[in-house]
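To be precise, the following lines are final-v7.txt, and they hold compact mmCIF, C-alpha atoms.
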# COMPACT_ATOMS: atom_id res chain seq x y z
CA MET A 1 0.00 0.00 0.00
CA SER A 2 1.31 3.45 -0.83
CA ARG A 3 -0.18 6.69 0.44
CA LEU A 4 0.50 9.92 -1.41
CA ASN A 5 -0.01 13.01 0.71
CA ALA A 6 -2.43 15.64 -0.62
CA ASP A 7 -0.07 18.59 -0.08
CA ALA A 8 3.08 17.10 -1.59
CA ARG A 9 4.22 16.44 -5.12
CA HIS A 10 5.02 12.89 -6.00
CA ARG A 11 7.28 11.43 -8.65
CA ILE A 12 5.46 9.74 -11.51
CA ARG A 13 7.28 7.59 -14.02
CA LEU A 14 5.71 6.51 -17.26
CA GLU A 15 6.34 5.97 -20.93
CA VAL A 16 5.12 8.58 -23.41
CA ASN A 17 5.40 7.93 -27.14
CA GLY A 18 7.99 5.23 -26.51
CA ARG A 19 10.23 7.35 -24.26
CA ALA A 20 10.62 6.95 -20.51
CA VAL A 21 9.65 10.21 -18.79
CA GLU A 22 9.03 11.37 -15.26
CA GLY A 23 7.55 14.35 -13.50
CA GLU A 24 6.00 15.42 -10.24
CA ALA A 25 2.32 15.77 -9.48
CA GLU A 26 0.01 16.37 -6.52
CA PRO A 27 -2.61 13.61 -6.22
CA ARG A 28 -5.31 15.95 -7.53
CA MET A 29 -3.48 16.86 -10.74
CA LEU A 30 -5.34 15.79 -13.88
CA LEU A 31 -3.42 13.93 -16.56
CA THR A 32 -4.23 16.75 -19.01
CA ASP A 33 -2.40 19.26 -16.81
CA PHE A 34 0.44 16.83 -16.17
CA LEU A 35 0.97 16.34 -19.92
CA ARG A 36 0.74 20.02 -20.79
CA HIS A 37 2.32 21.78 -17.82
CA THR A 38 4.72 19.25 -16.38
CA LEU A 39 5.84 17.41 -19.51
CA GLY A 40 5.30 20.34 -21.91
CA LEU A 41 3.26 18.21 -24.34
CA THR A 42 0.73 20.83 -25.35
CA GLY A 43 -0.60 18.92 -28.36
CA THR A 44 -3.26 17.40 -26.08
CA HIS A 45 -5.99 20.03 -25.80
CA VAL A 46 -8.28 20.78 -22.87
CA GLY A 47 -11.88 21.54 -23.77
CA CYS A 48 -14.72 20.77 -21.37
CA GLU A 49 -12.64 19.12 -18.64
CA HIS A 50 -15.46 16.75 -17.77
CA GLY A 51 -15.27 14.06 -20.40
CA VAL A 52 -17.84 15.28 -22.91
CA CYS A 53 -15.94 16.97 -25.75
CA GLY A 54 -13.16 14.46 -26.45
CA ALA A 55 -10.48 17.10 -27.19
CA CYS A 56 -8.07 15.62 -24.61
CA THR A 57 -8.29 12.03 -25.90
CA ILE A 58 -4.97 10.17 -25.79
CA GLN A 59 -4.12 6.45 -25.68
CA ILE A 60 -3.43 4.84 -22.31
CA ASP A 61 -1.98 1.33 -22.46
CA GLY A 62 -3.13 0.97 -26.04
CA ALA A 63 -6.72 2.19 -25.71
CA PRO A 64 -8.21 5.64 -26.27
CA ALA A 65 -9.12 7.51 -23.11
CA ARG A 66 -9.94 10.99 -21.88
CA ALA A 67 -6.91 12.53 -20.19
CA CYS A 68 -9.22 14.91 -18.28
CA LEU A 69 -11.02 11.95 -16.65
CA THR A 70 -7.76 10.55 -15.36
CA LEU A 71 -5.49 11.62 -12.53
CA ALA A 72 -1.77 11.71 -13.25
CA VAL A 73 -1.13 9.43 -10.25
CA GLN A 74 -3.41 6.76 -11.75
CA VAL A 75 -1.16 6.26 -14.77
CA ASP A 76 2.12 5.80 -12.89
CA GLY A 77 3.89 3.05 -14.85
CA ALA A 78 1.54 3.21 -17.86
CA LYS A 79 2.35 3.55 -21.56
CA LEU A 80 0.83 6.65 -23.12
CA HIS A 81 0.55 7.81 -26.68
CA THR A 82 -0.23 11.43 -27.51
CA VAL A 83 -0.67 13.33 -30.75
CA GLU A 84 3.04 14.28 -30.65
CA GLY A 85 3.84 10.64 -31.36
CA LEU A 86 1.70 10.22 -34.48
CA ALA A 87 4.05 11.62 -37.13
CA PRO A 88 6.74 9.12 -38.18
CA GLU A 89 9.46 11.80 -38.22
CA PRO A 90 9.77 15.59 -38.12
CA GLY A 91 8.41 17.11 -41.32
CA ARG A 92 6.37 14.04 -42.26
CA LEU A 93 2.73 13.35 -41.40
CA SER A 94 1.12 9.99 -40.71
CA VAL A 95 -1.33 8.57 -43.26
CA LEU A 96 -4.24 9.69 -41.07
CA GLN A 97 -2.87 13.20 -40.54
CA GLU A 98 -2.14 13.55 -44.25
CA ALA A 99 -5.76 12.55 -45.02
CA PHE A 100 -7.00 15.21 -42.59
CA ARG A 101 -4.97 17.82 -44.47
CA ARG A 102 -6.14 16.62 -47.89
CA HIS A 103 -9.82 16.66 -46.89
CA HIS A 104 -9.70 19.89 -44.85
CA ALA A 105 -10.90 17.86 -41.89
CA LEU A 106 -9.99 20.63 -39.49
CA GLN A 107 -10.53 24.31 -39.28
CA CYS A 108 -9.63 25.73 -35.89
CA GLY A 109 -7.91 22.47 -34.95
CA PHE A 110 -8.95 22.46 -31.31
CA CYS A 111 -10.67 19.06 -31.45
CA THR A 112 -8.23 17.54 -33.93
CA ALA A 113 -5.63 16.00 -31.63
CA GLY A 114 -8.28 14.04 -29.73
CA ILE A 115 -10.03 12.86 -32.89
CA LEU A 116 -6.71 11.75 -34.41
CA MET A 117 -5.83 9.73 -31.30
CA SER A 118 -9.25 8.04 -31.31
CA LEU A 119 -9.18 7.31 -35.04
CA ASP A 120 -5.59 6.05 -34.91
CA TRP A 121 -6.79 3.34 -32.52
CA TYR A 122 -10.11 2.75 -34.26
CA LEU A 123 -8.64 2.20 -37.72
CA ARG A 124 -6.29 -0.41 -36.30
CA GLN A 125 -9.25 -2.23 -34.69
CA THR A 126 -11.56 -1.69 -37.66
CA PRO A 127 -9.51 -1.47 -40.87
CA ASP A 128 -12.60 -1.32 -43.10
CA PRO A 129 -15.22 0.71 -41.21
CA GLY A 130 -18.67 1.53 -42.55
CA GLU A 131 -19.71 5.16 -42.50
CA VAL A 132 -22.49 4.57 -39.96
CA GLU A 133 -20.28 2.85 -37.40
CA LEU A 134 -17.55 5.43 -38.00
CA ARG A 135 -19.98 8.27 -37.30
CA GLU A 136 -21.19 6.50 -34.19
CA PHE A 137 -17.60 6.13 -33.00
CA LEU A 138 -16.94 9.84 -33.67
CA GLY A 139 -19.91 10.59 -31.38
CA GLY A 140 -17.33 10.67 -28.60
CA HIS A 141 -15.94 13.92 -30.03
CA LEU A 142 -17.31 17.40 -30.55
CA CYS A 143 -16.22 19.50 -33.54
CA ARG A 144 -17.92 22.86 -34.02
CA CYS A 145 -16.22 23.86 -37.28
CA THR A 146 -16.45 21.12 -39.87
CA GLY A 147 -19.88 19.54 -39.49
CA TYR A 148 -17.96 16.21 -39.42
CA VAL A 149 -18.37 15.53 -43.16
CA PRO A 150 -14.68 16.10 -44.05
CA ILE A 151 -13.58 14.24 -40.90
CA VAL A 152 -15.56 11.17 -41.96
CA ALA A 153 -14.20 11.48 -45.51
CA ALA A 154 -10.62 11.77 -44.23
CA ALA A 155 -11.03 8.73 -41.97
CA LEU A 156 -12.49 6.59 -44.74
CA ASP A 157 -9.73 7.71 -47.12
CA ALA A 158 -7.03 6.99 -44.53
CA ALA A 159 -8.57 3.56 -43.86
CA LYS A 160 -8.41 2.73 -47.56
CA ARG A 161 -4.80 3.92 -47.92
CA LEU A 162 -3.78 1.96 -44.82
CA ARG A 163 -5.43 -1.16 -46.22
CA ASP A 164 -3.74 -0.71 -49.58
CA ALA A 165 -0.34 0.05 -48.07
CA MET B 1 -10.86 22.99 -13.00
CA LYS B 2 -9.05 21.69 -10.02
CA SER B 3 -10.31 19.30 -7.40
CA ALA B 4 -10.05 19.98 -3.67
CA PRO B 5 -6.92 18.30 -2.25
CA PHE B 6 -7.03 14.64 -1.22
CA ASP B 7 -4.60 11.95 -0.17
CA TYR B 8 -4.27 9.13 -2.70
CA VAL B 9 -3.91 5.58 -1.43
CA ARG B 10 -3.06 2.79 -3.84
CA VAL B 11 -4.02 -0.52 -2.25
CA GLY B 12 -2.65 -3.89 -3.34
CA SER B 13 -5.13 -6.24 -1.68
CA LEU B 14 -8.73 -6.44 -0.55
CA ALA B 15 -7.61 -6.44 3.10
CA GLU B 16 -5.73 -3.16 2.56
CA ALA B 17 -8.79 -1.59 0.93
CA HIS B 18 -10.96 -2.71 3.87
CA ALA B 19 -8.47 -1.31 6.37
CA VAL B 20 -8.38 2.13 4.73
CA LEU B 21 -12.17 2.27 4.40
CA ALA B 22 -12.60 1.19 8.04
CA ALA B 23 -10.21 3.95 9.17
CA GLU B 24 -11.47 6.75 6.92
CA GLY B 25 -15.17 5.87 6.54
CA GLY B 26 -17.19 8.64 4.89
CA ASP B 27 -14.08 10.75 4.25
CA ALA B 28 -12.85 8.22 1.72
CA ALA B 29 -13.99 7.59 -1.84
CA VAL B 30 -13.08 4.52 -3.86
CA ILE B 31 -11.70 5.22 -7.30
CA ALA B 32 -11.61 2.57 -10.01
CA GLY B 33 -11.83 3.87 -13.62
CA GLY B 34 -12.73 7.34 -12.37
CA GLN B 35 -14.88 8.16 -15.40
CA THR B 36 -17.67 9.60 -13.26
CA LEU B 37 -15.77 10.34 -10.07
CA VAL B 38 -13.00 12.47 -11.61
CA PRO B 39 -15.40 15.07 -13.08
CA LEU B 40 -17.32 15.09 -9.78
CA LEU B 41 -14.01 15.86 -8.06
CA SER B 42 -13.09 18.51 -10.64
CA MET B 43 -16.44 20.26 -10.19
CA ARG B 44 -16.05 19.84 -6.41
CA MET B 45 -19.37 18.04 -6.18
CA ALA B 46 -17.39 15.35 -4.35
CA ARG B 47 -14.73 16.35 -1.82
CA PRO B 48 -13.27 13.20 -0.26
CA LYS B 49 -10.22 13.55 1.98
CA VAL B 50 -8.82 10.26 0.76
CA LEU B 51 -9.06 8.49 -2.58
CA VAL B 52 -8.62 4.71 -2.49
CA ASP B 53 -7.44 3.32 -5.84
CA ILE B 54 -8.42 -0.36 -6.12
CA MET B 55 -7.26 -0.98 -9.70
CA ARG B 56 -4.10 -2.80 -8.65
CA VAL B 57 -5.87 -5.42 -6.54
CA PRO B 58 -5.46 -8.59 -8.62
CA GLU B 59 -8.40 -10.51 -7.13
CA LEU B 60 -10.80 -7.71 -8.15
CA ALA B 61 -9.80 -7.81 -11.82
CA VAL B 62 -11.58 -11.02 -12.78
CA ILE B 63 -14.74 -12.11 -14.57
CA VAL B 64 -15.96 -15.52 -13.38
CA ALA B 65 -18.84 -17.61 -14.67
CA GLU B 66 -20.17 -19.34 -11.53
CA ASN B 67 -23.42 -21.08 -10.55
CA ASP B 68 -25.45 -19.75 -13.48
CA SER B 69 -24.26 -16.20 -12.96
CA ILE B 70 -21.48 -13.91 -14.12
CA ARG B 71 -19.43 -12.38 -11.36
CA VAL B 72 -17.69 -9.18 -12.43
CA GLY B 73 -15.00 -7.91 -10.06
CA ALA B 74 -14.65 -4.27 -9.06
CA ALA B 75 -11.56 -3.65 -11.18
CA VAL B 76 -13.02 -5.04 -14.43
CA ARG B 77 -13.34 -2.33 -17.05
CA GLN B 78 -16.47 -2.03 -19.20
CA ALA B 79 -14.43 -2.67 -22.36
CA GLU B 80 -13.06 -5.88 -20.81
CA LEU B 81 -16.54 -7.25 -20.13
CA LEU B 82 -17.65 -6.27 -23.64
CA ALA B 83 -14.64 -8.11 -25.08
CA TRP B 84 -15.13 -11.19 -22.86
CA PRO B 85 -15.57 -14.04 -25.39
CA GLU B 86 -18.34 -15.75 -23.40
CA LEU B 87 -20.47 -12.64 -22.94
CA GLY B 88 -22.88 -13.15 -25.85
CA ALA B 89 -23.70 -16.72 -24.85
CA SER B 90 -23.67 -16.10 -21.08
CA GLN B 91 -25.76 -12.95 -20.91
CA PRO B 92 -27.03 -11.42 -24.17
CA LEU B 93 -28.61 -8.41 -22.43
CA LEU B 94 -25.17 -7.17 -21.33
CA ALA B 95 -23.82 -7.66 -24.83
CA LEU B 96 -26.71 -5.55 -26.15
CA ALA B 97 -26.45 -2.80 -23.53
CA LEU B 98 -22.70 -2.32 -23.07
CA PRO B 99 -22.13 -0.59 -26.43
CA TRP B 100 -24.52 2.11 -25.14
CA VAL B 101 -22.44 2.78 -22.03
CA GLY B 102 -20.59 6.02 -22.74
CA HIS B 103 -18.11 5.93 -25.59
CA ALA B 104 -15.24 3.56 -26.47
CA GLN B 105 -12.97 6.20 -24.90
CA THR B 106 -14.74 6.00 -21.52
CA ARG B 107 -15.44 2.24 -21.59
CA ALA B 108 -11.69 1.65 -21.91
CA ARG B 109 -11.25 3.08 -18.39
CA GLY B 110 -14.65 2.94 -16.66
CA THR B 111 -15.54 -0.13 -14.64
CA VAL B 112 -18.76 -2.14 -14.46
CA CYS B 113 -18.94 -1.93 -10.67
CA GLY B 114 -18.15 1.81 -10.72
CA SER B 115 -21.27 2.46 -12.78
CA ILE B 116 -23.31 0.36 -10.34
CA ALA B 117 -21.73 2.15 -7.34
CA LEU B 118 -22.60 5.63 -8.61
CA ALA B 119 -26.21 4.65 -9.37
CA ASP B 120 -26.98 7.25 -11.98
CA PRO B 121 -30.69 6.71 -12.80
CA SER B 122 -29.95 7.00 -16.53
CA ALA B 123 -27.03 4.57 -16.57
CA GLU B 124 -27.36 1.32 -18.51
CA LEU B 125 -25.56 -1.11 -16.19
CA PRO B 126 -27.73 -0.47 -13.09
CA LEU B 127 -30.74 -0.92 -15.40
CA CYS B 128 -29.43 -4.30 -16.60
CA LEU B 129 -28.72 -5.41 -13.04
CA VAL B 130 -32.32 -4.61 -12.03
CA ALA B 131 -33.83 -6.12 -15.20
CA LEU B 132 -31.95 -9.39 -14.66
CA GLY B 133 -32.46 -9.48 -10.89
CA GLY B 134 -28.74 -9.58 -10.14
CA ASP B 135 -27.02 -8.67 -6.91
CA VAL B 136 -24.12 -6.74 -5.45
CA VAL B 137 -21.38 -8.26 -3.29
CA LEU B 138 -20.24 -5.80 -0.61
CA SER B 139 -17.40 -6.41 1.76
CA SER B 140 -15.72 -4.66 4.65
CA LYS B 141 -13.38 -5.44 7.51
CA GLY B 142 -16.44 -6.88 9.29
CA GLY B 143 -17.37 -9.36 6.58
CA ARG B 144 -19.24 -9.82 3.36
CA ARG B 145 -22.90 -9.43 2.38
CA THR B 146 -24.92 -9.71 -0.79
CA VAL B 147 -27.69 -7.26 -1.65
CA ALA B 148 -30.31 -7.76 -4.36
CA ALA B 149 -30.34 -5.08 -7.09
CA ASP B 150 -33.82 -3.86 -6.11
CA ASP B 151 -32.66 -3.21 -2.55
CA PHE B 152 -29.26 -1.83 -3.54
CA PHE B 153 -30.46 1.23 -5.47
CA THR B 154 -32.13 3.46 -2.90
CA GLY B 155 -32.56 6.71 -4.82
CA LEU B 156 -30.86 9.32 -6.96
CA MET B 157 -27.16 8.41 -7.00
CA SER B 158 -27.59 6.67 -3.65
CA THR B 159 -27.21 3.05 -2.67
CA ASP B 160 -27.29 0.68 0.27
CA ARG B 161 -23.46 0.63 0.48
CA ARG B 162 -22.13 1.67 3.89
CA ASP B 163 -19.16 4.04 4.18
CA ASP B 164 -16.75 1.29 5.24
CA GLU B 165 -17.85 -1.08 2.46
CA LEU B 166 -16.36 -1.79 -0.92
CA ILE B 167 -18.32 -3.18 -3.85
CA GLU B 168 -16.26 -6.28 -4.44
CA ALA B 169 -18.24 -7.57 -7.41
CA VAL B 170 -21.63 -7.57 -9.08
CA ARG B 171 -23.37 -10.73 -10.21
CA PHE B 172 -25.55 -10.86 -13.29
CA PRO B 173 -27.69 -13.99 -13.70
CA GLY B 174 -26.68 -15.93 -16.79
CA ARG B 175 -28.96 -16.68 -19.69
CA ARG B 176 -31.57 -19.36 -19.00
CA THR B 177 -32.88 -21.44 -21.85
CA SER B 178 -35.97 -20.05 -23.55
CA GLU B 179 -35.23 -16.48 -22.51
CA GLY B 180 -35.25 -13.58 -24.93
CA PHE B 181 -33.66 -10.17 -24.42
CA ALA B 182 -33.84 -6.71 -25.88
CA PHE B 183 -32.32 -3.34 -25.10
CA ARG B 184 -33.34 0.03 -26.51
CA GLU B 185 -32.30 3.51 -25.64
CA PHE B 186 -33.17 7.04 -26.67
CA ALA B 187 -30.54 9.76 -26.24
CA ARG B 188 -29.69 12.89 -28.20
CA ARG B 189 -26.32 11.46 -29.15
CA HIS B 190 -25.07 7.88 -28.98
CA GLY B 191 -23.04 7.57 -25.80
CA ASP B 192 -24.86 10.27 -23.85
CA PHE B 193 -26.83 9.36 -20.78
CA ALA B 194 -30.22 7.96 -21.76
CA ILE B 195 -33.34 10.09 -21.79
CA VAL B 196 -35.12 6.75 -21.55
CA ALA B 197 -33.55 3.29 -21.65
CA CYS B 198 -35.54 0.02 -21.78
CA ALA B 199 -34.36 -3.50 -21.04
CA ALA B 200 -36.70 -6.45 -21.54
CA VAL B 201 -36.39 -10.09 -20.52
CA ALA B 202 -39.00 -12.55 -21.82
CA ASN B 203 -39.48 -16.16 -20.77
CA GLU B 204 -42.36 -18.58 -21.26
CA LYS B 205 -44.39 -17.13 -18.37
CA VAL B 206 -43.35 -13.57 -17.65
CA LEU B 207 -42.23 -10.52 -19.50
CA ARG B 208 -40.14 -8.12 -17.47
CA LEU B 209 -39.54 -4.56 -18.60
CA ALA B 210 -37.08 -2.33 -16.76
CA ILE B 211 -36.89 1.42 -17.35
CA GLY B 212 -33.97 3.76 -16.76
CA GLY B 213 -33.74 7.54 -17.08
CA VAL B 214 -37.24 8.27 -15.78
CA ALA B 215 -37.51 7.72 -12.02
CA ASP B 216 -34.72 8.30 -9.46
CA ARG B 217 -33.54 4.69 -9.99
CA PRO B 218 -34.14 1.90 -12.51
CA VAL B 219 -37.61 0.36 -12.09
CA ALA B 220 -38.76 -3.06 -13.30
CA ARG B 221 -42.29 -4.34 -13.87
CA ASP B 222 -43.47 -7.85 -14.70
CA PHE B 223 -46.22 -8.34 -17.24
CA LYS B 224 -47.91 -11.72 -17.37
CA GLY B 225 -49.65 -13.04 -20.46
CA LEU B 226 -50.52 -9.62 -21.85
CA ASP B 227 -50.76 -8.73 -25.49
CA GLY B 228 -52.30 -6.23 -27.90
CA ALA B 229 -54.34 -3.44 -26.35
CA ALA B 230 -54.14 -4.99 -22.87
CA LEU B 231 -50.36 -4.68 -22.99
CA ASP B 232 -50.65 -1.06 -24.16
CA ASP B 233 -52.93 -0.34 -21.20
CA ALA B 234 -50.55 -2.00 -18.78
CA LEU B 235 -47.63 -0.02 -20.21
CA ASP B 236 -49.66 3.15 -19.97
CA ALA B 237 -50.34 2.46 -16.29
CA PHE B 238 -46.66 1.67 -15.69
CA ALA B 239 -45.57 4.91 -17.41
CA SER B 240 -48.04 6.96 -15.36
CA GLU B 241 -46.85 5.47 -12.09
CA LEU B 242 -43.20 6.28 -12.74
CA ASP B 243 -42.02 9.37 -10.89
CA ALA B 244 -40.85 11.22 -14.03
CA ARG B 245 -39.42 14.73 -13.89
CA ASP B 246 -38.80 17.56 -16.32
CA ASP B 247 -35.20 18.47 -16.96
CA LEU B 248 -33.03 20.20 -19.53
CA HIS B 249 -33.23 17.26 -21.92
CA ALA B 250 -36.89 16.23 -21.87
CA THR B 251 -40.19 16.79 -20.10
CA ALA B 252 -41.77 14.19 -17.81
CA ASP B 253 -44.59 13.69 -20.35
CA TYR B 254 -42.13 13.07 -23.14
CA ARG B 255 -40.33 10.49 -21.03
CA ARG B 256 -43.63 8.72 -20.28
CA MET B 257 -44.45 8.70 -23.98
CA LEU B 258 -41.09 7.06 -24.64
CA VAL B 259 -41.79 4.44 -21.97
CA ARG B 260 -45.01 3.51 -23.80
CA LYS B 261 -43.58 3.49 -27.33
CA LEU B 262 -40.00 2.37 -26.82
CA GLY B 263 -41.13 -0.02 -24.05
CA ARG B 264 -43.55 -1.72 -26.42
CA THR B 265 -40.89 -2.02 -29.13
CA THR B 266 -38.42 -3.48 -26.65
CA ILE B 267 -40.97 -6.01 -25.36
CA GLU B 268 -41.80 -7.18 -28.85
CA GLU B 269 -38.15 -7.51 -29.71
CA ALA B 270 -37.47 -9.62 -26.61
CA ARG B 271 -40.39 -11.88 -27.48
CA ARG B 272 -39.20 -12.28 -31.05
CA CYS B 273 -35.69 -13.02 -29.84
CA ARG B 274 -37.11 -15.74 -27.56
CA ALA B 275 -39.12 -17.34 -30.36
Could you render the structure as structure tokens?
Amino acid sequence: MSRLNADARHRIRLEVNGRAVEGEAEPRMLLTDFLRHTLGLTGTHVGCEHGVCGACTIQIDGAPARACLTLAVQVDGAKLHTVEGLAPEPGRLSVLQEAFRRHHALQCGFCTAGILMSLDWYLRQTPDPGEVELREFLGGHLCRCTGYVPIVAAALDAAKRLRDA
Amino acid sequence: MKSAPFDYVRVGSLAEAHAVLAAEGGDAAVIAGGQTLVPLLSMRMARPKVLVDIMRVPELAVIVAENDSIRVGAAVRQAELLAWPELGASQPLLALALPWVGHAQTRARGTVCGSIALADPSAELPLCLVALGGDVVLSSKGGRRTVAADDFFTGLMSTDRRDDELIEAVRFPGRRTSEGFAFREFARRHGDFAIVACAAVANEKVLRLAIGGVADRPVARDFKGLDGAALDDALDAFASELDARDDLHATADYRRMLVRKLGRTTIEEARRCRA
């Protein structure tokens, strides 16, 4: 049993995008704040902070999850993937990101990181998704710019390119 | 948003969890997936002094098929139950309802027992537990007890759990031969909390319909040998008796209308599935 005192900061070790990292957090610190303020990974966006909008979606131990519904102390020892880890190398976009650019699947970009992290997982689980199930899956995200049409088109295009690759 | 400060205790065994809960009582809150508790903390609607994380207790992380029921431990995530290979054959109602619980992104973290513990009247898993007549296994330093679903949910987000108790597991009865199941839900967006959710279980004698999202807890009603207009009348009476309320999402009348219409559809689907 380990007890972390409310008033102190505690060392948290985890793996982010394949690299071992560590930082300090009070027990009440949300994972969103830990990623952005402690680790400096500001690609993960903070929208509603209560699990409704999906902007802060990352992958925890291989599954998509809301960083704002998670405390930093809960993921001690976990493997995280954030939007910073999607591109294969600096200056190159992933197949999914490239499809988003081609289809203008973002405008202000606030929701984009979360949607990319969800879709990155979803397209690996479901390489050939139907539009209806894809739209249902995207129900976990709010986008107020695009009306979702180009996002769906980009996801279907990326799925096809990934299948053909 | 920032929660009020709390100590965070990560327990490694059931005995450790019991010891902390016995010492801290009402000042402690158990955290599993945290999908409902974390926003309650952030909005300061919950202000525990101590958070007890039970996710690293190995004996709580198991699904066991035992004595015609499915026992789901407190650390089992919703996505794990949905992916359990025996789910469809063991209890079809859960296989039908789980995809409606939040989104893939919340099911990956949220636990089955956590949803039962928080007792949101619109939540799907408490509704299934009531529809199936399952029970809740509670344990504390003093021992273990089992409470039937109907007695466990005592009102809006409130349950029979005592401050020093942990929900160790919930038990859903398994499928019996000749049973049919159906689940229907109406919400503004897939994954939102239900405005009305219906779960039906049909066997050769009785048809049970359970309704979530209307009263302060899920409510079940048994209908025997009713059909046609007589069933409509019985549903109408059931809908009228439910203590429905107006809120931001729907009026009480609208909810009652959904109980009649969606309830009837769900019943017919369960009967067809049985046939």
statement: Judged by only C-alpha atoms, the minimum distance to Arg184 (chain B) among B:Met1, B:Ala32, B:Ala22, B:Ala197 is found for B:Ala197
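Between CA of Ile54 (chain B) and CA of Asn5 (chain A) lies a distance of 17.2 Å.
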- request: Measure the distance from CA of Glu124 (chain B) to CA of Val11 (chain B) in Å and round it to one decimal.
  value: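 Taking CA of Glu124 (chain B) and CA of Val11 (chain B), their separation equals 28.5 Å.
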task: Please provide the set of residues having any atom within 12 Å of Arg36 (chain A), restricted to only C-alpha atoms, with same-chain residues fewer than 3 positions apart removed, written as a ChimeraX atom specification.
output: /A:23,29-33,39-46,56,67-68,72,82,84
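Distance annotation: of B:Asn67, B:Ser13, B:Gln105, B:Gln91, the residue with the minimal separation from chain A is B:Gln105; atom set is all atoms listed in the file.
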Model the absent atoms of region 75-86 of chain A so that N, CA, C and O atoms are present, and write the result as a PDB file, in the coordinates of the input.
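part_5.pdb, written as the output of this step:
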ATOM      1  N   VAL A  75      -1.852   6.861 -13.622  1.00  0.00           N
ATOM      2  CA  VAL A  75      -1.160   6.260 -14.770  1.00  0.00           C
ATOM      3  C   VAL A  75       0.335   6.044 -14.501  1.00  0.00           C
ATOM      4  O   VAL A  75       1.100   5.818 -15.433  1.00  0.00           O
ATOM      5  N   ASP A  76       0.732   6.095 -13.230  1.00  0.00           N
ATOM      6  CA  ASP A  76       2.120   5.800 -12.890  1.00  0.00           C
ATOM      7  C   ASP A  76       2.466   4.407 -13.450  1.00  0.00           C
ATOM      8  O   ASP A  76       1.759   3.435 -13.173  1.00  0.00           O
ATOM      9  N   GLY A  77       3.488   4.331 -14.273  1.00  0.00           N
ATOM     10  CA  GLY A  77       3.890   3.050 -14.850  1.00  0.00           C
ATOM     11  C   GLY A  77       3.215   2.694 -16.162  1.00  0.00           C
ATOM     12  O   GLY A  77       3.523   1.663 -16.758  1.00  0.00           O
ATOM     13  N   ALA A  78       2.300   3.538 -16.634  1.00  0.00           N
ATOM     14  CA  ALA A  78       1.540   3.210 -17.860  1.00  0.00           C
ATOM     15  C   ALA A  78       2.308   3.631 -19.108  1.00  0.00           C
ATOM     16  O   ALA A  78       3.314   4.339 -19.038  1.00  0.00           O
ATOM     17  N   LYS A  79       1.804   3.146 -20.251  1.00  0.00           N
ATOM     18  CA  LYS A  79       2.350   3.550 -21.560  1.00  0.00           C
ATOM     19  C   LYS A  79       1.322   4.454 -22.229  1.00  0.00           C
ATOM     20  O   LYS A  79       0.198   4.037 -22.497  1.00  0.00           O
ATOM     21  N   LEU A  80       1.744   5.681 -22.518  1.00  0.00           N
ATOM     22  CA  LEU A  80       0.830   6.650 -23.120  1.00  0.00           C
ATOM     23  C   LEU A  80       1.257   6.971 -24.550  1.00  0.00           C
ATOM     24  O   LEU A  80       2.451   6.959 -24.868  1.00  0.00           O
ATOM     25  N   HIS A  81       0.252   7.255 -25.362  1.00  0.00           N
ATOM     26  CA  HIS A  81       0.550   7.810 -26.680  1.00  0.00           C
ATOM     27  C   HIS A  81      -0.248   9.094 -26.841  1.00  0.00           C
ATOM     28  O   HIS A  81      -1.437   9.130 -26.533  1.00  0.00           O
ATOM     29  N   THR A  82       0.426  10.143 -27.290  1.00  0.00           N
ATOM     30  CA  THR A  82      -0.230  11.430 -27.510  1.00  0.00           C
ATOM     31  C   THR A  82      -0.045  11.824 -28.959  1.00  0.00           C
ATOM     32  O   THR A  82       0.695  11.179 -29.711  1.00  0.00           O
ATOM     33  N   VAL A  83      -0.698  12.918 -29.344  1.00  0.00           N
ATOM     34  CA  VAL A  83      -0.670  13.330 -30.750  1.00  0.00           C
ATOM     35  C   VAL A  83       0.765  13.626 -31.213  1.00  0.00           C
ATOM     36  O   VAL A  83       1.083  13.477 -32.403  1.00  0.00           O
ATOM     37  N   GLU A  84       1.637  13.993 -30.272  1.00  0.00           N
ATOM     38  CA  GLU A  84       3.040  14.280 -30.650  1.00  0.00           C
ATOM     39  C   GLU A  84       3.735  13.051 -31.229  1.00  0.00           C
ATOM     40  O   GLU A  84       4.732  13.187 -31.940  1.00  0.00           O
ATOM     41  N   GLY A  85       3.182  11.859 -30.910  1.00  0.00           N
ATOM     42  CA  GLY A  85       3.840  10.640 -31.360  1.00  0.00           C
ATOM     43  C   GLY A  85       3.293  10.083 -32.681  1.00  0.00           C
ATOM     44  O   GLY A  85       3.735   9.030 -33.132  1.00  0.00           O
ATOM     45  N   LEU A  86       2.333  10.785 -33.274  1.00  0.00           N
ATOM     46  CA  LEU A  86       1.700  10.220 -34.480  1.00  0.00           C
ATOM     47  C   LEU A  86       2.587  10.307 -35.718  1.00  0.00           C
ATOM     48  O   LEU A  86       2.658   9.371 -36.506  1.00  0.00           O
TER      49      LEU A  86
END
